[in-house]
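*Asks:* What follows is the file model.csv, containing CSV, C-alpha atoms:
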```
chain,number,residue,atom,x,y,z
I,8,MET,CA,17.1,16.0,19.2
I,9,ASP,CA,18.6,19.6,19.1
I,10,GLY,CA,17.8,21.5,16.0
I,11,THR,CA,15.1,19.2,14.8
I,12,THR,CA,12.0,21.2,14.3
I,13,PRO,CA,8.6,19.6,14.1
I,14,SER,CA,8.1,20.6,10.5
I,15,ARG,CA,11.3,18.8,9.5
I,16,VAL,CA,10.2,15.6,11.2
I,17,GLN,CA,6.8,16.0,9.7
I,18,ILE,CA,8.2,16.4,6.2
I,19,ARG,CA,10.5,13.4,6.7
I,20,ALA,CA,7.5,11.3,7.9
I,21,ILE,CA,5.6,12.2,4.8
I,22,VAL,CA,8.5,11.6,2.5
I,23,GLY,CA,9.0,8.3,4.4
I,24,VAL,CA,5.5,7.2,3.6
I,25,LEU,CA,6.0,8.0,0.0
I,26,THR,CA,9.4,6.4,-0.3
I,27,SER,CA,10.0,3.6,2.1
I,28,ARG,CA,8.7,2.0,5.2
I,29,GLU,CA,12.2,2.2,6.8
I,30,ALA,CA,12.1,6.0,6.6
I,31,LEU,CA,8.7,5.9,8.2
I,32,GLU,CA,10.0,3.9,11.0
I,33,ARG,CA,12.9,6.3,11.5
I,34,ALA,CA,10.4,9.1,11.7
I,35,MET,CA,8.4,7.1,14.2
I,36,ALA,CA,11.5,6.7,16.3
I,37,GLU,CA,12.3,10.4,16.1
I,38,HIS,CA,8.7,11.1,17.0
I,39,ALA,CA,9.0,9.0,20.1
I,40,GLY,CA,11.8,11.3,21.3
I,41,LEU,CA,9.8,14.4,20.6
I,42,ILE,CA,6.7,13.5,22.6
I,43,ASP,CA,7.7,15.5,25.6
I,44,GLU,CA,8.9,18.6,23.7
I,45,HIS,CA,5.7,19.1,21.9
I,46,ASP,CA,3.3,18.1,24.6
I,47,ARG,CA,3.3,21.8,25.8
I,48,GLY,CA,0.8,24.1,24.3
I,49,MET,CA,-0.9,21.4,22.2
I,50,SER,CA,-2.7,19.3,24.7
I,51,HIS,CA,-5.5,21.9,25.0
I,52,GLU,CA,-6.1,22.2,21.3
I,53,PRO,CA,-9.8,21.6,20.5
I,54,VAL,CA,-10.6,18.2,19.1
I,55,TRP,CA,-12.0,19.6,15.9
I,56,THR,CA,-8.9,21.8,15.2
I,57,ALA,CA,-6.7,18.8,15.7
I,58,PHE,CA,-8.9,16.7,13.3
I,59,VAL,CA,-8.6,19.4,10.6
I,60,ARG,CA,-4.8,19.6,11.2
I,61,GLY,CA,-4.6,15.8,10.5
I,62,PHE,CA,-6.9,16.1,7.5
I,63,VAL,CA,-4.8,19.0,6.0
I,64,GLY,CA,-1.5,17.3,6.9
I,65,MET,CA,-2.5,14.4,4.6
I,66,LEU,CA,-3.2,16.5,1.6
I,67,PRO,CA,0.3,16.1,0.1
I,68,LEU,CA,-0.3,12.3,-0.1
I,69,TRP,CA,-3.5,12.9,-2.1
I,70,VAL,CA,-1.2,13.5,-5.1
I,71,GLY,CA,-0.2,9.8,-5.0
I,72,ALA,CA,-3.6,8.4,-3.8
I,73,ILE,CA,-5.9,9.9,-6.4
I,74,PRO,CA,-4.0,8.6,-9.5
I,75,THR,CA,-3.6,5.2,-7.9
I,76,GLY,CA,-7.3,5.1,-7.2
I,77,ILE,CA,-8.0,6.0,-10.8
I,78,ALA,CA,-5.6,3.3,-12.0
I,79,TYR,CA,-7.2,0.7,-9.7
I,80,ALA,CA,-10.8,1.6,-10.9
I,81,VAL,CA,-9.8,1.6,-14.6
I,82,ALA,CA,-8.1,-1.8,-14.2
I,83,ALA,CA,-11.1,-3.2,-12.3
I,84,ARG,CA,-13.3,-2.1,-15.3
I,85,SER,CA,-10.9,-3.9,-17.7
I,86,ILE,CA,-11.5,-7.2,-16.0
I,87,GLY,CA,-15.2,-6.7,-15.8
I,88,LEU,CA,-15.8,-5.7,-12.2
I,89,ALA,CA,-19.1,-3.8,-11.9
I,90,PRO,CA,-18.8,-0.1,-10.9
I,91,GLY,CA,-20.7,-0.7,-7.7
I,92,GLU,CA,-18.3,-3.5,-6.7
I,93,THR,CA,-15.3,-1.4,-7.6
I,94,GLN,CA,-16.4,1.5,-5.4
I,95,LEU,CA,-17.6,-0.9,-2.6
I,96,MET,CA,-14.1,-2.5,-2.5
I,97,SER,CA,-12.6,1.0,-1.9
I,98,LEU,CA,-15.1,1.8,0.7
I,99,LEU,CA,-14.7,-1.5,2.6
I,100,VAL,CA,-11.2,-2.8,2.0
I,101,PHE,CA,-9.4,0.6,1.7
I,102,SER,CA,-6.0,-0.9,0.8
I,103,ALA,CA,-4.4,0.0,-2.6
I,104,ALA,CA,-2.1,-3.1,-2.9
I,105,ALA,CA,-4.8,-5.5,-1.7
I,106,GLN,CA,-7.4,-4.1,-4.1
I,107,VAL,CA,-5.2,-4.1,-7.2
I,108,SER,CA,-4.0,-7.6,-6.4
I,109,ALA,CA,-7.7,-8.7,-5.9
I,110,VAL,CA,-8.5,-7.2,-9.3
I,111,SER,CA,-5.7,-9.2,-11.0
I,112,LEU,CA,-6.6,-12.4,-9.1
I,113,LEU,CA,-10.4,-12.2,-9.6
I,114,ASP,CA,-9.7,-12.2,-13.3
I,115,ALA,CA,-8.1,-15.6,-13.0
I,116,GLY,CA,-11.0,-17.1,-10.9
I,117,THR,CA,-9.0,-17.4,-7.7
I,118,PRO,CA,-10.8,-19.0,-4.7
I,119,ILE,CA,-12.0,-16.6,-2.0
I,120,LEU,CA,-9.6,-18.0,0.6
I,121,VAL,CA,-6.6,-17.2,-1.5
I,122,LEU,CA,-7.9,-13.7,-2.2
I,123,VAL,CA,-8.3,-13.0,1.6
I,124,SER,CA,-4.9,-14.5,2.3
I,125,THR,CA,-3.3,-12.2,-0.3
I,126,ALA,CA,-5.1,-9.2,1.1
I,127,ILE,CA,-4.0,-10.1,4.6
I,128,ALA,CA,-0.4,-10.7,3.5
I,129,PHE,CA,-0.2,-7.3,1.9
I,130,ASN,CA,-1.3,-5.6,5.1
I,131,ALA,CA,0.7,-7.8,7.5
I,132,GLN,CA,2.4,-4.6,8.8
I,133,LEU,CA,-0.8,-3.0,10.0
I,134,PRO,CA,-0.9,-4.7,13.4
I,135,LEU,CA,2.6,-3.1,14.1
I,136,LEU,CA,1.0,0.4,13.5
I,137,GLY,CA,-1.8,-0.5,16.0
I,138,LEU,CA,0.8,-1.6,18.6
I,139,ALA,CA,2.7,1.7,18.1
I,140,ILE,CA,-0.5,3.7,18.6
I,141,THR,CA,-1.7,2.0,21.8
I,142,SER,CA,1.7,2.4,23.3
I,143,GLN,CA,1.2,6.1,23.1
I,144,ILE,CA,-2.6,6.7,23.4
I,145,ARG,CA,-5.1,5.3,25.8
I,146,MET,CA,-8.1,4.2,23.8
I,147,GLY,CA,-11.7,3.1,24.6
I,148,TRP,CA,-13.5,0.4,22.6
I,149,LEU,CA,-15.4,2.8,20.4
I,150,SER,CA,-12.3,4.7,19.4
I,151,ARG,CA,-10.4,1.5,18.7
I,152,LEU,CA,-13.2,0.3,16.4
I,153,VAL,CA,-13.4,3.6,14.5
I,154,THR,CA,-9.6,4.2,14.3
I,155,ALA,CA,-9.1,0.7,12.9
I,156,TRP,CA,-11.4,1.5,10.0
I,157,PHE,CA,-9.3,4.5,8.8
I,158,LEU,CA,-5.8,3.2,9.9
I,159,THR,CA,-3.1,3.3,7.2
I,160,ASP,CA,0.7,3.8,7.1
I,161,GLY,CA,0.2,7.2,5.7
I,162,ALA,CA,-2.2,8.3,8.4
I,163,PHE,CA,0.2,7.1,11.1
I,164,GLY,CA,3.1,8.8,9.4
I,165,VAL,CA,1.3,12.2,9.1
I,166,ALA,CA,0.0,12.0,12.7
I,167,ALA,CA,3.3,11.0,14.1
I,168,GLY,CA,5.0,13.9,12.3
I,169,GLN,CA,2.7,16.5,14.0
I,170,GLY,CA,4.2,16.3,17.5
I,171,ARG,CA,2.5,14.3,20.3
I,172,LEU,CA,0.4,11.6,18.8
I,173,ARG,CA,-3.3,12.5,19.3
I,174,LEU,CA,-6.4,10.5,18.3
I,175,PRO,CA,-8.2,13.4,16.5
I,176,ILE,CA,-5.1,14.1,14.3
I,177,LEU,CA,-4.8,10.4,13.5
I,178,LEU,CA,-8.5,10.2,12.6
I,179,GLY,CA,-8.3,13.4,10.6
I,180,ALA,CA,-5.4,12.0,8.5
I,181,GLY,CA,-7.1,8.7,8.2
I,182,VAL,CA,-10.4,10.2,7.0
I,183,SER,CA,-8.5,12.4,4.6
I,184,MET,CA,-6.9,9.4,2.9
I,185,TYR,CA,-10.2,7.6,2.9
I,186,VAL,CA,-11.8,10.5,1.0
I,187,ALA,CA,-8.9,10.7,-1.4
I,188,TRP,CA,-8.8,7.0,-2.2
I,189,ASN,CA,-12.6,6.8,-2.8
I,190,THR,CA,-12.6,10.0,-4.9
I,191,GLY,CA,-9.8,8.6,-7.0
I,192,THR,CA,-11.8,5.3,-7.4
I,193,ALA,CA,-15.0,7.3,-8.4
I,194,LEU,CA,-13.0,9.3,-11.0
I,195,GLY,CA,-11.5,6.1,-12.3
I,196,ILE,CA,-15.0,4.5,-12.6
I,197,LEU,CA,-16.2,7.5,-14.6
I,198,ALA,CA,-13.0,7.5,-16.8
I,199,GLY,CA,-13.4,3.7,-17.4
I,200,GLN,CA,-16.9,4.1,-18.6
I,201,ALA,CA,-15.8,6.5,-21.2
I,202,VAL,CA,-13.7,3.8,-22.8
I,203,PRO,CA,-15.8,1.1,-24.6
I,204,ASP,CA,-13.3,-1.7,-24.6
I,205,PRO,CA,-10.6,-1.1,-22.0
I,206,ARG,CA,-8.7,-4.3,-22.7
I,207,ARG,CA,-8.4,-3.6,-26.4
I,208,ALA,CA,-7.1,-0.1,-25.5
I,209,GLY,CA,-4.4,-1.9,-23.5
I,210,LEU,CA,-5.7,-0.4,-20.2
I,211,ASP,CA,-5.2,-3.7,-18.4
I,212,LEU,CA,-1.5,-2.8,-18.5
I,213,LEU,CA,-2.4,-0.5,-15.7
I,214,VAL,CA,-2.5,-3.4,-13.3
I,215,PRO,CA,1.2,-4.4,-13.5
I,216,LEU,CA,2.1,-0.7,-13.8
I,217,ALA,CA,0.3,0.1,-10.6
I,218,PHE,CA,2.2,-2.7,-8.8
I,219,LEU,CA,5.5,-1.5,-10.3
I,220,ALA,CA,4.7,2.2,-9.3
I,221,VAL,CA,4.2,1.1,-5.7
I,222,LEU,CA,7.2,-1.2,-5.7
I,223,VAL,CA,10.0,0.8,-7.3
I,224,PRO,CA,10.2,3.6,-4.6
I,225,LEU,CA,10.5,0.9,-1.9
I,226,LEU,CA,13.6,-0.6,-3.5
I,227,ARG,CA,16.1,1.7,-1.8
I,228,ARG,CA,18.0,-1.0,0.1
I,229,ARG,CA,19.6,-4.1,-1.2
I,230,ALA,CA,17.5,-6.4,1.1
I,231,ALA,CA,14.3,-5.0,-0.3
I,232,LEU,CA,15.6,-5.3,-3.9
I,233,LEU,CA,16.6,-8.9,-3.1
I,234,ALA,CA,13.2,-9.7,-1.6
I,235,ALA,CA,11.5,-8.4,-4.8
I,236,LEU,CA,13.8,-10.2,-7.2
I,237,VAL,CA,13.6,-13.5,-5.4
I,238,ALA,CA,9.8,-13.2,-5.3
I,239,ALA,CA,9.7,-12.4,-9.0
I,240,ALA,CA,11.9,-15.3,-9.9
I,241,ALA,CA,10.0,-17.7,-7.6
I,242,MET,CA,6.8,-16.5,-9.3
I,243,LEU,CA,8.1,-17.4,-12.7
I,244,LEU,CA,8.9,-20.9,-11.5
I,245,LEU,CA,5.8,-21.4,-9.3
I,246,SER,CA,3.2,-20.1,-11.7
I,247,SER,CA,3.5,-23.1,-14.0
I,248,LEU,CA,3.2,-25.5,-11.1
I,249,VAL,CA,0.4,-24.2,-8.8
I,250,PRO,CA,-2.6,-21.8,-9.3
I,251,ASN,CA,-1.7,-18.1,-9.6
I,252,GLY,CA,-3.0,-17.0,-6.2
I,253,VAL,CA,-1.1,-19.7,-4.3
I,254,ALA,CA,2.0,-19.0,-6.4
I,255,VAL,CA,1.8,-15.3,-5.4
I,256,LEU,CA,1.7,-16.2,-1.7
I,257,GLY,CA,4.5,-18.7,-2.0
I,258,ALA,CA,6.7,-16.3,-3.9
I,259,GLY,CA,5.9,-13.5,-1.4
I,260,GLY,CA,6.9,-15.8,1.5
I,261,LEU,CA,10.2,-16.8,-0.2
I,262,GLY,CA,11.0,-13.2,-1.1
I,263,SER,CA,10.4,-11.8,2.3
I,264,ALA,CA,12.4,-14.7,3.9
I,265,ALA,CA,15.3,-13.8,1.5
I,266,GLY,CA,15.0,-10.1,2.5
I,267,ALA,CA,15.0,-10.9,6.2
I,268,TRP,CA,18.0,-13.2,5.8
I,269,TRP,CA,20.0,-10.6,3.9
I,270,SER,CA,19.1,-7.9,6.4
I,271,ARG,CA,20.1,-10.1,9.3
I,272,ARG,CA,23.4,-11.0,7.5
I,273,THR,CA,24.3,-7.4,7.1
I,274,GLY,CA,23.7,-6.6,10.8
I,275,GLY,CA,20.0,-5.8,11.0
I,276,ARG,CA,20.0,-3.0,8.5
I,277,LEU,CA,17.1,-3.2,6.1
F,30,MET,CA,-22.6,-10.6,-7.5
F,31,SER,CA,-20.3,-13.5,-6.6
F,32,ASN,CA,-17.6,-10.9,-6.2
F,33,LEU,CA,-19.5,-9.3,-3.4
F,34,TRP,CA,-18.6,-12.1,-1.0
F,35,SER,CA,-15.0,-11.9,-2.0
F,36,ILE,CA,-15.0,-8.1,-1.3
F,37,VAL,CA,-16.7,-8.5,2.1
F,38,ALA,CA,-14.3,-11.3,3.1
F,39,MET,CA,-11.3,-9.3,2.1
F,40,ALA,CA,-12.6,-6.3,4.0
F,41,ALA,CA,-13.1,-8.4,7.1
F,42,GLY,CA,-9.6,-9.8,6.9
F,43,VAL,CA,-7.9,-6.4,6.5
F,44,TYR,CA,-10.1,-4.8,9.2
F,45,ALA,CA,-9.1,-7.6,11.6
F,46,LEU,CA,-5.5,-6.7,11.0
F,47,ARG,CA,-6.1,-3.0,11.6
F,48,LEU,CA,-8.1,-3.7,14.8
F,49,GLY,CA,-5.8,-6.5,15.9
F,50,GLY,CA,-2.8,-4.2,16.4
F,51,LEU,CA,-5.0,-1.9,18.5
F,52,LEU,CA,-6.2,-4.8,20.7
F,53,LEU,CA,-3.0,-6.8,21.1
F,54,PRO,CA,-0.9,-6.4,24.2
F,55,GLN,CA,2.4,-4.6,23.8
F,56,ARG,CA,5.4,-6.7,22.6
F,57,ALA,CA,3.0,-9.4,21.2
F,58,VAL,CA,5.0,-9.6,18.0
F,59,PRO,CA,8.6,-10.9,18.3
F,60,PRO,CA,11.3,-8.8,16.5
F,61,GLY,CA,12.2,-11.6,14.1
F,62,VAL,CA,8.7,-11.9,12.8
F,63,GLN,CA,8.4,-8.1,12.6
F,64,GLN,CA,11.5,-8.1,10.4
F,65,ALA,CA,10.2,-10.7,8.0
F,66,LEU,CA,6.8,-8.9,7.9
F,67,ARG,CA,8.6,-5.8,6.7
F,68,PHE,CA,9.7,-7.4,3.5
F,69,LEU,CA,6.4,-9.1,2.7
F,70,PRO,CA,4.8,-6.2,0.8
F,71,VAL,CA,7.9,-5.7,-1.4
F,72,ALA,CA,8.1,-9.4,-2.2
F,73,LEU,CA,4.4,-9.7,-3.0
F,74,LEU,CA,4.6,-6.7,-5.3
F,75,GLY,CA,7.6,-8.3,-7.1
F,76,ALA,CA,5.6,-11.5,-7.5
F,77,LEU,CA,2.5,-9.7,-8.7
F,78,VAL,CA,4.3,-7.6,-11.3
F,79,VAL,CA,5.5,-10.9,-12.9
F,80,ALA,CA,2.1,-12.6,-12.4
F,81,THR,CA,0.1,-9.8,-14.0
F,82,LEU,CA,2.6,-9.4,-16.9
F,83,SER,CA,2.7,-13.1,-17.8
F,84,GLY,CA,-1.1,-13.1,-17.6
F,85,ARG,CA,-1.1,-10.7,-20.6
F,86,GLY,CA,1.1,-12.9,-22.7
F,87,TYR,CA,4.7,-12.2,-23.7
F,88,ASP,CA,4.3,-9.3,-26.0
F,89,PRO,CA,7.5,-7.2,-26.5
F,90,THR,CA,5.7,-3.9,-26.5
F,91,THR,CA,4.5,-4.6,-23.0
F,92,TRP,CA,7.9,-5.5,-21.7
F,93,VAL,CA,9.5,-2.3,-23.2
F,94,ALA,CA,6.8,-0.2,-21.7
F,95,VAL,CA,7.2,-1.8,-18.3
F,96,ALA,CA,11.0,-1.5,-18.4
F,97,GLY,CA,10.6,2.2,-19.3
F,98,ALA,CA,8.1,2.8,-16.5
F,99,GLY,CA,10.4,1.1,-14.1
F,100,LEU,CA,13.3,3.4,-15.0
F,101,VAL,CA,11.1,6.5,-14.8
F,102,GLY,CA,9.7,5.3,-11.5
F,103,TRP,CA,13.3,4.7,-10.2
F,104,ALA,CA,14.5,8.1,-11.4
F,105,THR,CA,11.5,10.2,-10.2
F,106,ARG,CA,10.3,8.1,-7.3
F,107,ARG,CA,6.7,9.2,-8.2
F,108,MET,CA,4.0,6.7,-8.7
F,109,TRP,CA,2.0,8.7,-11.2
F,110,ALA,CA,5.1,9.4,-13.4
F,111,CYS,CA,5.8,5.6,-13.4
F,112,ILE,CA,2.2,4.7,-14.4
F,113,LEU,CA,1.8,7.5,-17.0
F,114,SER,CA,5.2,6.9,-18.7
F,115,GLY,CA,4.4,3.2,-19.0
F,116,MET,CA,1.0,3.8,-20.7
F,117,ALA,CA,2.6,6.5,-22.9
F,118,ILE,CA,5.4,4.2,-24.1
F,119,TYR,CA,2.9,1.4,-24.7
F,120,TRP,CA,0.5,3.5,-26.8
F,121,LEU,CA,3.4,5.1,-28.7
F,122,LEU,CA,4.8,1.7,-29.6
F,123,ARG,CA,1.4,0.4,-30.7
F,124,LEU,CA,1.0,3.4,-33.0
F,125,ILE,CA,4.2,2.7,-34.8
```
Before anything else, please render the file you have as structure tokens.
*Replies:*
Amino acid sequence: MDGTTPSRVQIRAIVGVLTSREALERAMAEHAGLIDEHDRGMSHEPVWTAFVRGFVGMLPLWVGAIPTGIAYAVAARSIGLAPGETQLMSLLVFSAAAQVSAVSLLDAGTPILVLVSTAIAFNAQLPLLGLAITSQIRMGWLSRLVTAWFLTDGAFGVAAGQGRLRLPILLGAGVSMYVAWNTGTALGILAGQAVPDPRRAGLDLLVPLAFLAVLVPLLRRRAALLAALVAAAAMLLLSSLVPNGVAVLGAGGLGSAAGAWWSRRTGGRL
Amino acid sequence: MSNLWSIVAMAAGVYALRLGGLLLPQRAVPPGVQQALRFLPVALLGALVVATLSGRGYDPTTWVAVAGAGLVGWATRRMWACILSGMAIYWLLRLI
């Protein structure tokens, strides 16, 4: 680990969150090696200071979260979701991909079970973050319940990038993203109300564009590209056979199987 | 407010995942499953781009805008650049 300063790891963790999950995992692995080095001098930091450090460390990710929140809220308006429902979803679900997919599926009158399955499928990686956290921090019941509410890839990436993983830093980063996401949503609701007929203005195009914007930076490796292409092709075929929500889940399953197959074939690299 | 129940149910599902990882014993998820889970978001996004596009009908203006946005997103790797360029191309083409 010689020559690797904490700030470089931190930057890499943030870049990792913005670009690819694999980079985030590399940062996680590097972080694991840094735990002992950065334990000194930081363990007596007051809880509040650590919380603020996490909050501030998340600020670079606000640049991505706020516009995405705006796009989500404007898209929600274009399919007729009430402003209160739009904000409530950001407050309770707190997951960009799940929320934008819900917006596109609610429009098609998708059953609740399919909506929930899609939201779960989009966040299937979250338990892995939880496992990584409990392997490094001892947590009581209350802190598990609270931490879970604010847990995202971004918060973990930022907290892991700041030396020894500590609960206040993780919470600070998580709360920071929560504030950003809900502020973006509120701004989008205000912007959406200024447009009388969003669909006529073509604002419903924001939904596929928001998916594309999240997807494209993740396509660094061939396995990821293959997963996305197989899913897209499967979607074209399945959408004429089964309801939209079911088709999305089926296509997602086929795509991720294709990605995992390719990654195994090429020796475990993603 | 029939959407309310959908929202609450989704929230419960996602929160269960967040909490689940914090409650599970270590090594509860086998590596093979972890690997497949990694590709699930990318695959779902690919499917949803197609689903939401075909939901709007096959209008060439849309496809040009989306292709342009994809290229800008690829080149800049910035989410906002991808979204803004897509909307800009779409509105410009509609003006012509």
*Asks:* Could you work out which residues of chain F fall inside 7 Å of chain I? Count only C-alpha atoms, and format the result as a PyMOL selection string.
*Replies:* chain F and resi 33+35-36+38-40+42-44+46-51+53+55+64-82+95+99+102-103+106+108-109+111-112+115
*Asks:* For Val81 (chain I), find every residue with an atom within 10 Å (counting all atoms listed in the file), except residues of its own chain fewer than 4 positions away, and show them as a list of chain:residue names.
*Replies:*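 The filter keeps I:Thr75, I:Gly76, I:Ile77, I:Ser85, I:Ile86, I:Gly87, I:Leu88, I:Pro90, I:Thr93, I:Thr192, I:Ala193, I:Leu194, I:Gly195, I:Ile196, I:Leu197, I:Ala198, I:Gly199, I:Gln200, I:Val202, I:Pro205, I:Leu210, I:Asp211, I:Leu213, I:Val214.
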*Asks:* Figure out the distance between CA of Tyr119 (chain F) and CA of Thr91 (chain F), please, to one decimal in Å.
*Replies:*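 Answer for the CA of Thr91 (chain F) to CA of Tyr119 (chain F) separation: 6.4 Å.
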*Asks:* With distances taken over all atoms listed in the file, which of F:Ala110, F:Leu122, F:Ala117, F:Val62 is nearest to Asp88 (chain F)?
*Replies:* F:Leu122
*Asks:* Using Å and a single decimal, report how far CA of Ser183 (chain I) sits from CA of Met65 (chain I).
*Replies:*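 Straight-line distance from CA of Met65 (chain I) to CA of Ser183 (chain I) works out to 6.3 Å.
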*Asks:* What does the distance from CA of Ser31 (chain F) to CA of Tyr79 (chain I) come to in Å, to one decimal?
*Replies:*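 Separation between CA of Ser31 (chain F) and CA of Tyr79 (chain I): 19.6 Å.
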*Asks:* Report as a list in words all protein, DNA and RNA residues lying within 9 Å of Gly61 (chain I), evaluated on all atoms listed in the file, omitting residues in the same chain fewer than 5 positions from it.
*Replies:*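 Counting all atoms listed in the file, the residues come to Thr56, Ala162, Val165, Ala166, Gln169, Pro175, Ile176, Leu177, Leu178, Gly179, Ala180, Gly181, Val182 and Ser183 of chain I.
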*Asks:* Considering only C-alpha atoms, state which residue in the set F:Thr90, F:Val101, F:Val37, F:Arg107 is at the smallest distance from Leu124 (chain F).
*Replies:*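 Of F:Thr90, F:Val101, F:Val37, F:Arg107, the one nearest Leu124 (chain F), counting only C-alpha atoms, is F:Thr90.
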*Asks:* Kindly indicate which residue among I:Leu149, I:Leu245, I:Ile144, I:Ala201 lies nearest to Arg173 (chain I), using only C-alpha atoms for the distances.
*Replies:*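 Among the listed residues, I:Ile144 lies closest to Arg173 (chain I).
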*Asks:* Complete region 132-151 of chain I with N, CA and C atoms (output as a tab-separated table (two decimals), keeping the file's coordinate frame).
*Replies:*
```tsv
chain	number	residue	atom	x	y	z
I	132	GLN	N	1.75	-5.59	7.92
I	132	GLN	CA	2.40	-4.60	8.80
I	132	GLN	C	1.45	-3.80	9.61
I	133	LEU	N	0.16	-3.85	9.28
I	133	LEU	CA	-0.80	-3.00	10.00
I	133	LEU	C	-0.89	-3.22	11.49
I	134	PRO	N	-0.83	-4.48	11.98
I	134	PRO	CA	-0.90	-4.70	13.40
I	134	PRO	C	0.29	-3.93	14.14
I	135	LEU	N	1.44	-3.78	13.44
I	135	LEU	CA	2.60	-3.10	14.10
I	135	LEU	C	2.23	-1.60	14.29
I	136	LEU	N	1.47	-1.01	13.36
I	136	LEU	CA	1.00	0.40	13.50
I	136	LEU	C	0.12	0.48	14.76
I	137	GLY	N	-0.83	-0.47	14.84
I	137	GLY	CA	-1.80	-0.50	16.00
I	137	GLY	C	-1.02	-0.54	17.29
I	138	LEU	N	0.00	-1.42	17.35
I	138	LEU	CA	0.80	-1.60	18.60
I	138	LEU	C	1.49	-0.25	18.92
I	139	ALA	N	2.02	0.42	17.87
I	139	ALA	CA	2.70	1.70	18.10
I	139	ALA	C	1.74	2.74	18.66
I	140	ILE	N	0.51	2.71	18.17
I	140	ILE	CA	-0.50	3.70	18.60
I	140	ILE	C	-0.91	3.47	20.05
I	141	THR	N	-1.23	2.21	20.39
I	141	THR	CA	-1.70	2.00	21.80
I	141	THR	C	-0.60	2.12	22.77
I	142	SER	N	0.66	2.12	22.31
I	142	SER	CA	1.70	2.40	23.30
I	142	SER	C	1.80	3.85	23.64
I	143	GLN	N	1.13	4.70	22.85
I	143	GLN	CA	1.20	6.10	23.10
I	143	GLN	C	-0.14	6.77	23.51
I	144	ILE	N	-1.24	6.15	23.12
I	144	ILE	CA	-2.60	6.70	23.40
I	144	ILE	C	-3.40	5.71	24.18
I	145	ARG	N	-4.11	6.17	25.19
I	145	ARG	CA	-5.10	5.30	25.80
I	145	ARG	C	-6.38	5.38	25.01
I	146	MET	N	-6.95	4.23	24.70
I	146	MET	CA	-8.10	4.20	23.80
I	146	MET	C	-9.24	3.37	24.37
I	147	GLY	N	-10.48	3.87	24.21
I	147	GLY	CA	-11.70	3.10	24.60
I	147	GLY	C	-12.05	2.18	23.44
I	148	TRP	N	-13.08	1.37	23.67
I	148	TRP	CA	-13.50	0.40	22.60
I	148	TRP	C	-13.96	1.08	21.37
I	149	LEU	N	-14.82	2.11	21.53
I	149	LEU	CA	-15.40	2.80	20.40
I	149	LEU	C	-14.29	3.38	19.51
I	150	SER	N	-13.33	4.07	20.17
I	150	SER	CA	-12.30	4.70	19.40
I	150	SER	C	-11.38	3.71	18.71
I	151	ARG	N	-11.19	2.53	19.34
I	151	ARG	CA	-10.40	1.50	18.70
I	151	ARG	C	-11.13	1.02	17.40
```
